Each structure stands twice: as C-alpha cells, then as structure tokens.
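What's in work_16.cif: mmCIF, C-alpha atoms
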data_data
loop_
_atom_site.label_atom_id
_atom_site.label_comp_id
_atom_site.auth_asym_id
_atom_site.auth_seq_id
_atom_site.Cartn_x
_atom_site.Cartn_y
_atom_site.Cartn_z
CA MET A 1 -112.15 -143.84 156.99
CA PRO A 2 -115.87 -143.41 157.81
CA THR A 3 -118.14 -146.18 156.61
CA PHE A 4 -119.91 -143.99 154.04
CA ARG A 5 -116.68 -142.81 152.43
CA LYS A 6 -115.34 -146.36 152.31
CA ALA A 7 -118.55 -147.62 150.71
CA LEU A 8 -118.46 -144.77 148.19
CA ALA A 9 -114.84 -145.53 147.31
CA LEU A 10 -115.61 -149.20 146.78
CA PHE A 11 -118.61 -148.31 144.63
CA LEU A 12 -116.55 -145.98 142.43
CA LEU A 13 -113.84 -148.60 142.09
CA ALA A 14 -116.38 -151.21 141.05
CA LEU A 15 -117.99 -148.76 138.64
CA ALA A 16 -114.62 -147.96 137.07
CA SER A 17 -113.86 -151.64 136.72
CA ALA A 18 -117.24 -152.34 135.15
CA THR A 19 -116.82 -149.43 132.75
CA HIS A 20 -113.37 -150.68 131.77
CA ALA A 21 -114.76 -154.19 131.26
CA GLN A 22 -117.52 -152.87 129.03
CA GLU A 23 -114.95 -151.18 126.82
CA VAL A 24 -113.25 -154.47 125.94
CA PRO A 25 -114.60 -155.66 122.55
CA ARG A 26 -116.28 -159.06 122.48
CA ASP A 27 -115.61 -159.85 118.83
CA GLU A 28 -112.29 -161.42 117.77
CA PRO A 29 -111.04 -158.64 115.42
CA GLY A 30 -112.01 -155.90 117.85
CA PHE A 31 -110.45 -157.71 120.80
CA THR A 32 -107.24 -158.31 118.83
CA ASP A 33 -106.96 -154.63 117.92
CA TYR A 34 -107.69 -153.62 121.52
CA VAL A 35 -104.93 -155.83 122.95
CA ALA A 36 -102.52 -154.69 120.22
CA LYS A 37 -103.01 -151.08 121.31
CA MET A 38 -102.39 -152.04 124.95
CA LEU A 39 -99.21 -153.88 124.01
CA ARG A 40 -97.96 -150.94 121.95
CA LYS A 41 -98.19 -148.75 125.02
CA GLU A 42 -95.94 -151.22 126.84
CA VAL A 43 -93.32 -152.06 124.20
CA GLY A 44 -93.61 -149.46 121.43
CA ASP A 45 -95.55 -149.31 118.16
CA GLU A 46 -92.91 -150.93 115.95
CA ALA A 47 -92.82 -154.19 117.90
CA VAL A 48 -96.54 -155.11 117.61
CA VAL A 49 -98.32 -156.22 114.43
CA ILE A 50 -101.69 -157.90 113.94
CA LYS A 51 -101.12 -161.23 112.17
CA GLY A 52 -104.74 -162.34 112.25
CA PRO A 53 -107.72 -162.71 114.59
CA LEU A 54 -106.42 -163.37 118.12
CA THR A 55 -102.82 -163.49 116.87
CA LEU A 56 -100.21 -160.76 117.32
CA GLY A 57 -96.61 -160.50 116.28
CA LEU A 58 -94.49 -159.19 119.15
CA GLY A 59 -91.09 -158.60 117.61
CA GLU A 60 -89.93 -162.07 116.63
CA LEU A 61 -92.37 -163.62 119.07
CA GLN A 62 -96.02 -164.54 118.58
CA ALA A 63 -98.72 -163.66 121.09
CA ASN A 64 -101.77 -165.94 120.97
CA LEU A 65 -104.90 -164.36 122.45
CA ASP A 66 -107.36 -167.25 122.26
CA ARG A 67 -107.23 -168.13 125.94
CA VAL A 68 -107.44 -164.62 127.33
CA PHE A 69 -110.22 -163.86 124.80
CA GLY A 70 -112.19 -166.89 125.99
CA PHE A 71 -111.75 -165.81 129.59
CA CYS A 72 -112.87 -162.23 128.90
CA ARG A 73 -115.91 -163.43 126.98
CA ASN A 74 -117.03 -165.56 129.94
CA ASN A 75 -115.86 -163.34 132.78
CA THR A 76 -116.51 -159.68 132.01
CA SER A 77 -115.79 -158.37 135.50
CA GLY A 78 -112.46 -160.18 135.77
CA CYS A 79 -111.34 -159.30 132.24
CA PRO A 80 -109.46 -156.02 132.93
CA VAL A 81 -107.26 -157.60 135.62
CA GLU A 82 -106.51 -160.66 133.51
CA LEU A 83 -105.74 -158.54 130.44
CA GLU A 84 -103.36 -156.39 132.47
CA ARG A 85 -101.60 -159.52 133.72
CA TYR A 86 -101.35 -160.88 130.18
CA ILE A 87 -99.97 -157.61 128.76
CA LYS A 88 -97.35 -157.26 131.50
CA GLY A 89 -96.26 -160.88 131.05
CA ALA A 90 -96.01 -160.62 127.26
CA ALA A 91 -94.06 -157.37 127.50
CA GLN A 92 -91.65 -158.93 129.99
CA VAL A 93 -91.01 -161.92 127.73
CA HIS A 94 -90.41 -159.55 124.81
CA LYS A 95 -88.02 -157.44 126.88
CA GLU A 96 -85.97 -160.44 128.01
CA ARG A 97 -86.01 -162.35 124.72
CA ASN A 98 -82.32 -161.68 124.07
CA THR A 99 -81.17 -162.00 127.66
CA PRO A 100 -78.98 -165.11 128.05
CA PRO A 101 -80.82 -167.63 130.23
CA SER A 102 -79.28 -168.78 133.48
CA LYS A 103 -79.07 -172.45 134.37
CA ASP A 104 -80.86 -171.78 137.65
CA SER A 105 -83.94 -170.48 135.79
CA VAL A 106 -84.53 -173.62 133.70
CA ARG A 107 -87.69 -175.58 134.53
CA VAL A 108 -90.03 -178.04 132.80
CA VAL A 109 -93.79 -177.55 132.45
CA LEU A 110 -96.70 -179.62 131.16
CA ARG A 111 -98.74 -178.30 128.26
CA THR A 112 -101.19 -179.76 125.75
CA SER A 113 -100.24 -180.81 122.24
CA GLN A 114 -102.65 -178.14 120.95
CA TYR A 115 -100.80 -175.50 122.94
CA VAL A 116 -97.54 -176.51 121.30
CA GLN A 117 -99.08 -176.32 117.83
CA SER A 118 -100.35 -172.79 118.44
CA ALA A 119 -97.12 -171.65 120.08
CA GLN A 120 -94.59 -172.96 117.59
CA GLY A 121 -93.78 -169.47 116.38
CA SER A 122 -93.48 -167.88 119.80
CA VAL A 123 -89.71 -168.40 120.10
CA GLY A 124 -88.95 -167.35 116.55
CA GLY A 125 -87.41 -169.56 113.93
CA SER A 126 -89.12 -171.55 111.25
CA GLY A 127 -90.44 -174.73 112.77
CA PRO A 128 -91.49 -176.82 115.72
CA ALA A 129 -87.89 -177.84 116.45
CA GLN A 130 -87.42 -174.37 117.96
CA ILE A 131 -89.44 -175.39 120.99
CA GLN A 132 -88.63 -178.72 122.53
CA PRO A 133 -91.70 -180.77 123.51
CA ARG A 134 -91.38 -184.30 124.86
CA PRO A 135 -94.31 -186.72 125.03
CA PHE A 136 -95.79 -187.20 128.50
CA VAL A 137 -99.11 -188.96 127.99
CA GLU A 138 -101.49 -188.75 125.05
CA GLY A 139 -102.40 -185.11 124.49
CA LEU A 140 -99.81 -183.73 126.95
CA VAL A 141 -96.15 -182.85 126.52
CA ALA A 142 -93.31 -181.64 128.73
CA LEU A 143 -91.60 -178.39 127.70
CA PRO A 144 -88.36 -176.86 129.00
CA VAL A 145 -88.88 -173.21 129.93
CA ILE A 146 -87.16 -170.22 131.50
CA ASP A 147 -88.78 -169.01 134.71
CA THR A 148 -88.73 -165.20 134.93
CA PRO A 149 -90.18 -163.01 137.70
CA ARG A 150 -93.26 -162.08 135.64
CA ALA A 151 -93.65 -164.86 133.07
CA ILE A 152 -92.61 -168.31 131.93
CA ARG A 153 -90.83 -168.28 128.58
CA MET A 154 -90.46 -171.34 126.39
CA LEU A 155 -86.88 -172.39 125.95
CA GLY A 156 -85.77 -172.82 122.31
CA ASP A 157 -82.86 -174.72 120.87
CA LYS A 158 -80.91 -171.47 120.50
CA ASP A 159 -81.11 -171.17 124.29
CA ASN A 160 -79.48 -174.60 124.55
CA GLU A 161 -76.45 -173.16 122.79
CA ARG A 162 -76.36 -170.16 125.12
CA LEU A 163 -76.45 -172.50 128.10
CA GLY A 164 -73.77 -174.73 126.60
CA LEU A 165 -76.00 -177.77 127.04
CA THR A 166 -77.55 -180.42 124.83
CA ALA A 167 -81.33 -180.76 124.60
CA GLN A 168 -81.21 -183.77 126.94
CA GLU A 169 -79.03 -181.93 129.44
CA VAL A 170 -81.44 -178.95 129.40
CA PHE A 171 -84.39 -181.24 130.08
CA ASP A 172 -82.57 -183.05 132.89
CA LEU A 173 -81.51 -179.71 134.38
CA GLY A 174 -85.12 -178.48 134.30
CA LEU A 175 -86.28 -181.53 136.22
CA GLU A 176 -83.43 -181.21 138.71
CA ASN A 177 -84.23 -177.54 139.33
CA LEU A 178 -87.89 -178.38 139.67
CA ARG A 179 -87.13 -181.02 142.26
CA LYS A 180 -84.91 -178.63 144.22
CA SER A 181 -87.34 -175.71 144.12
CA GLN A 182 -90.43 -177.61 145.28
CA LYS A 183 -91.10 -178.70 148.85
CA PRO A 184 -91.53 -182.45 149.40
CA LEU A 185 -95.01 -183.41 148.23
CA MET A 186 -96.16 -184.72 151.60
CA GLU A 187 -95.45 -181.30 153.14
CA VAL A 188 -97.96 -179.58 150.87
CA ALA A 189 -100.46 -182.30 149.91
CA LYS A 190 -103.04 -183.62 152.34
CA ILE A 191 -104.30 -187.18 152.10
CA ALA A 192 -107.68 -187.28 150.35
CA GLY A 193 -110.12 -189.42 152.30
CA GLY A 194 -113.29 -191.04 151.04
CA GLY A 195 -115.55 -188.53 149.33
CA GLN A 196 -112.83 -185.87 149.36
CA ILE A 197 -110.88 -184.11 146.60
CA GLY A 198 -107.37 -182.99 147.51
CA GLN A 199 -105.81 -179.96 145.90
CA LEU A 200 -102.57 -178.13 145.19
CA VAL A 201 -103.45 -174.65 143.94
CA GLY A 202 -101.62 -171.41 143.26
CA ASP A 203 -98.19 -172.40 141.93
CA SER A 204 -97.33 -172.41 138.22
CA PHE A 205 -95.22 -175.53 138.70
CA TYR A 206 -97.70 -177.69 140.61
CA PRO A 207 -98.72 -179.61 137.45
CA SER A 208 -95.01 -180.06 136.65
CA ARG A 209 -94.76 -182.18 139.79
CA LEU A 210 -96.37 -184.98 137.79
CA LEU A 211 -93.04 -185.27 135.95
CA LEU A 212 -91.43 -186.29 139.24
CA LEU A 213 -93.24 -189.61 139.34
CA ASP A 214 -91.46 -191.05 142.37
CA THR A 215 -92.47 -188.13 144.61
CA TRP A 216 -96.12 -189.19 144.36
CA ALA A 217 -95.48 -192.69 145.72
CA PRO A 218 -95.87 -191.72 149.42
CA LEU A 219 -99.25 -190.07 148.78
CA ALA A 220 -100.47 -193.03 146.75
CA LYS A 221 -99.37 -195.37 149.53
CA GLU A 222 -101.18 -193.34 152.20
CA GLN A 223 -104.32 -193.45 150.04
CA GLY A 224 -104.33 -197.23 149.86
CA GLY A 225 -102.50 -197.35 146.55
CA VAL A 226 -105.10 -195.25 144.70
CA LEU A 227 -104.23 -191.83 143.32
CA ILE A 228 -106.09 -190.21 140.41
CA VAL A 229 -105.18 -186.63 139.52
CA ALA A 230 -106.48 -183.82 137.32
CA ILE A 231 -104.62 -180.74 136.07
CA PRO A 232 -107.38 -178.44 134.76
CA ALA A 233 -105.28 -175.26 135.02
CA THR A 234 -101.59 -174.44 134.77
CA ASP A 235 -101.40 -173.71 138.50
CA ALA A 236 -103.60 -176.45 139.94
CA VAL A 237 -103.67 -180.18 140.69
CA PHE A 238 -106.68 -182.01 142.14
CA TYR A 239 -106.68 -185.63 143.26
CA ILE A 240 -108.80 -188.39 144.76
CA SER A 241 -108.20 -191.71 146.55
CA GLU A 242 -111.14 -193.65 145.11
CA ASP A 243 -111.19 -195.47 141.79
CA THR A 244 -114.97 -195.57 141.53
CA PRO A 245 -117.35 -194.15 138.91
CA ILE A 246 -118.90 -191.77 141.47
CA ALA A 247 -115.55 -190.35 142.59
CA ILE A 248 -114.23 -190.06 139.04
CA ASP A 249 -117.40 -188.33 137.87
CA ALA A 250 -117.12 -185.86 140.75
CA LEU A 251 -113.54 -185.05 139.79
CA ARG A 252 -114.50 -184.61 136.14
CA ALA A 253 -117.32 -182.27 137.15
CA LEU A 254 -114.87 -180.16 139.16
CA VAL A 255 -112.48 -180.02 136.20
CA LYS A 256 -115.27 -178.90 133.89
CA ASN A 257 -116.33 -176.18 136.31
CA ILE A 258 -112.80 -174.86 136.74
CA GLN A 259 -112.10 -174.84 133.02
CA SER A 260 -115.27 -172.86 132.38
CA ARG A 261 -113.83 -170.01 134.47
CA ALA A 262 -110.02 -170.24 134.40
CA PRO A 263 -107.99 -168.13 131.97
CA ASN A 264 -105.09 -170.58 132.22
CA ARG A 265 -106.77 -173.84 131.28
CA LEU A 266 -104.52 -176.88 130.92
CA SER A 267 -106.14 -180.30 130.46
CA SER A 268 -109.43 -182.08 131.09
CA ALA A 269 -107.67 -185.47 131.31
CA LEU A 270 -107.59 -187.58 134.46
CA LEU A 271 -104.41 -189.53 135.22
CA ARG A 272 -103.95 -192.61 137.40
CA TRP A 273 -100.65 -193.01 139.25
CA LYS A 274 -98.69 -196.21 138.74
CA ALA A 275 -95.12 -196.89 139.78
CA SER A 276 -94.35 -197.42 136.09
CA GLY A 277 -95.90 -194.11 135.00
CA TRP A 278 -99.12 -192.10 134.72
CA GLU A 279 -102.03 -193.69 132.87
CA LEU A 280 -104.95 -191.90 131.25
CA VAL A 281 -108.31 -192.66 132.87
CA PRO A 282 -110.71 -193.59 130.03
CA GLN A 283 -113.67 -191.31 129.47
#
Could you spell out this file's structure in structure tokens?
Amino acid sequence: MPTFRKALALFLLALASATHAQEVPRDEPGFTDYVAKMLRKEVGDEAVVIKGPLTLGLGELQANLDRVFGFCRNNTSGCPVELERYIKGAAQVHKERNTPPSKDSVRVVLRTSQYVQSAQGSVGGSGPAQIQPRPFVEGLVALPVIDTPRAIRMLGDKDNERLGLTAQEVFDLGLENLRKSQKPLMEVAKIAGGGQIGQLVGDSFYPSRLLLLDTWAPLAKEQGGVLIVAIPATDAVFYISEDTPIAIDALRALVKNIQSRAPNRLSSALLRWKASGWELVPQ
C-alpha cells in the first residue's frame, strides 16, 4: 500500500476511535446506561437490568462497572477497546453460567477484600458464602475460579457440588492446577540486581503464583535472601532484591503509576517473602 494511503487509513482509524471514545458518557448514570445497551446487544434485552449507578444485573449475575468506568475516565483513547473486552467477557460468563465446570479449569486467584464485597452477588445466591474467599494477607484473599477462554468466573459453592468436591478439595485442586499450568518460576523470572525492578507481566495468573510460596524460594536465594513483591494489576508482579527505603519507595512509585492507568487494578500492597509466608511491608 502506498505511504499516503496507509497514512490516510491510520488517520481514519484513529479518528473513528476518537469519535467512539467521545461518545462514551463520563457520568456514572450515563456510563451505566451506555454499557447496558452494549450488553443487551450481546445477550438480549431481557437479561440486562440497571440495578444502580455502575451496577448491572446480568441474568442472575451482577456486573460491577466501577473499574472499567475509572479506566475510561482516565484513558479516553483506550476506553473503546477496554469496554469491548469487558462486554465480551461478561457475555461469555453469562453464556457459560450453567455449564458444568470441569476439574481441569479450576484455578485460584488473588483479589482484594473490597473486590469480594462488591462481587458477592455475581454468582447468584443470597450471601457471601456463595463465593469462597480465603484469607491471604491483610486486605487480600484467595478465590477459587473457573478459567474460561474469554474470562475468569468465580466458583461458587453450587459449583463444588457439580464437581463432586468439598470446598477444601476445590481449593487444593485449584492450587494443583495452577502449579501444573505455570512454568517453573526461574524459567520466567530474572534475578533483580541492585537498582533493578524485576517483572512478570501479561498472564492473569502471575499474581496467583504468590500462593505457591515454595516456588519463590530459589529467586529469593539468588537475590541474597531478599525478595519484595508488588501485584498492582491482576496480570502483573514486580519485585526487588533490596530491602532499603530507596528501593521500596521506587517500587511503590511504580505501583502508583501502574494503578493510575490499569483497568485491572489489584493491590497497592508490598509483600516480603519469608519461608514461613508473605509479610506486608509497612507503609
């Protein structure tokens, strides 16, 4: 394609994207109504109801829009793509809500306590027992989930019955599957030297690796026994090998920067590896 035509095509694409972005309302009620209309196109009118600002009913599920709304408010150009991803994921979860889970699809993820509070209704039922959080460290919990091609769905106690497993057996299975599905840590994580910040980015189960405490021992050993990690987003882990105020401040600054832009924010906490378990690094 000649240079002019290619440039023109890119310009028109950018213009279309910008126009689309400008159409997305920036107020909570308007945004909620906008997303509801998009969802109805995917799953049908009868399945989607507006329950309140940034909250939709999707059949017996609940779709919380606070995170994608925050992202769109701060990232206008990236909003259309992120909204499309959110809509497709929510529709997929809705479509597969009654599909019996397979044992191979069970995993465990880390989420914040606030996330659990806002998502209690997303698997149906009447209370928090429907989703199955387990304490990890203060402010963070481990949740069993079903891993689908387009989305991660929280696993409720009704799913335990379908799997023929107890809650403990489901949790243990999720950890076992996680361990089997992930490459050994030292094959994907580089040693962070002085003044460096290591990273694992791009996999929805990278933060879940923190649940496999023993797998971090080789990296901690290679870093002189010091390993401090951050999980600012649901697909990212950052880590350092220095337990100094300067290094910790640098890692906190990186976390703050990432969370100001990421649609899938997780936690601002820093965690120090110990053979006995992860410890919160005081603010």
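The set of residues that the PyMOL selection byres ((chain A and resi 37) around 12) takes from this file is Val24, Gly30, Phe31, Thr32, Asp33, Tyr34, Val35, Ala36, Met38, Leu39, Arg40, Lys41, Glu42, Val43, Gly44, Asp45, Glu46, Ala47, Val48, Val49, Ile50, Leu56, Leu58 and Ile87 of chain A.
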Spell out the residues picked by the PyMOL selection byres ((chain A and resi 176) around 12) here, as an MDAnalysis selection string.
chainID A and resid 103:108 144 169:175 177:182 208:209 211:212
In Å to one decimal, how far is CA of Leu200 (chain A) from CA of Tyr86 (chain A)?
22.9 Å
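Selection check: the PyMOL selection byres ((chain A and resi 194) around 8) on the shown file gives A:Ala192, A:Gly193, A:Gly195, A:Gln196, A:Ser241, A:Glu242.
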How big is the axis-aligned box around the listed atoms of region 57-76 of chain A once 3 Å is added on each side, and where is its centre? Give both in Å to one decimal, as AutoDock Vina command-line options.
--center_x -103.5 --center_y -163.4 --center_z 124.5 --size_x 33.1 --size_y 15.5 --size_z 22.5
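Residue neighbourhood of Ser267 (chain A), excluding near-sequence residues (fewer than 5 positions): Arg111, Thr112, Gly139, Leu140, Ala230, Ile231, Pro232, Ala233, Thr234, Val255 and Gln259 of chain A, at 9 Å, using all atoms listed in the file.
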Any chance you can output those residues with C-alpha atoms as a compact mmCIF listing (two decimals), in the frame of the given file?
# COMPACT_ATOMS: atom_id res chain seq x y z
CA ARG A 111 -98.74 -178.30 128.26
CA THR A 112 -101.19 -179.76 125.75
CA GLY A 139 -102.40 -185.11 124.49
CA LEU A 140 -99.81 -183.73 126.95
CA ALA A 230 -106.48 -183.82 137.32
CA ILE A 231 -104.62 -180.74 136.07
CA PRO A 232 -107.38 -178.44 134.76
CA ALA A 233 -105.28 -175.26 135.02
CA THR A 234 -101.59 -174.44 134.77
CA VAL A 255 -112.48 -180.02 136.20
CA GLN A 259 -112.10 -174.84 133.02
To one decimal place, how far is CA of Thr148 (chain A) from CA of Leu65 (chain A) in Å?
20.4 Å
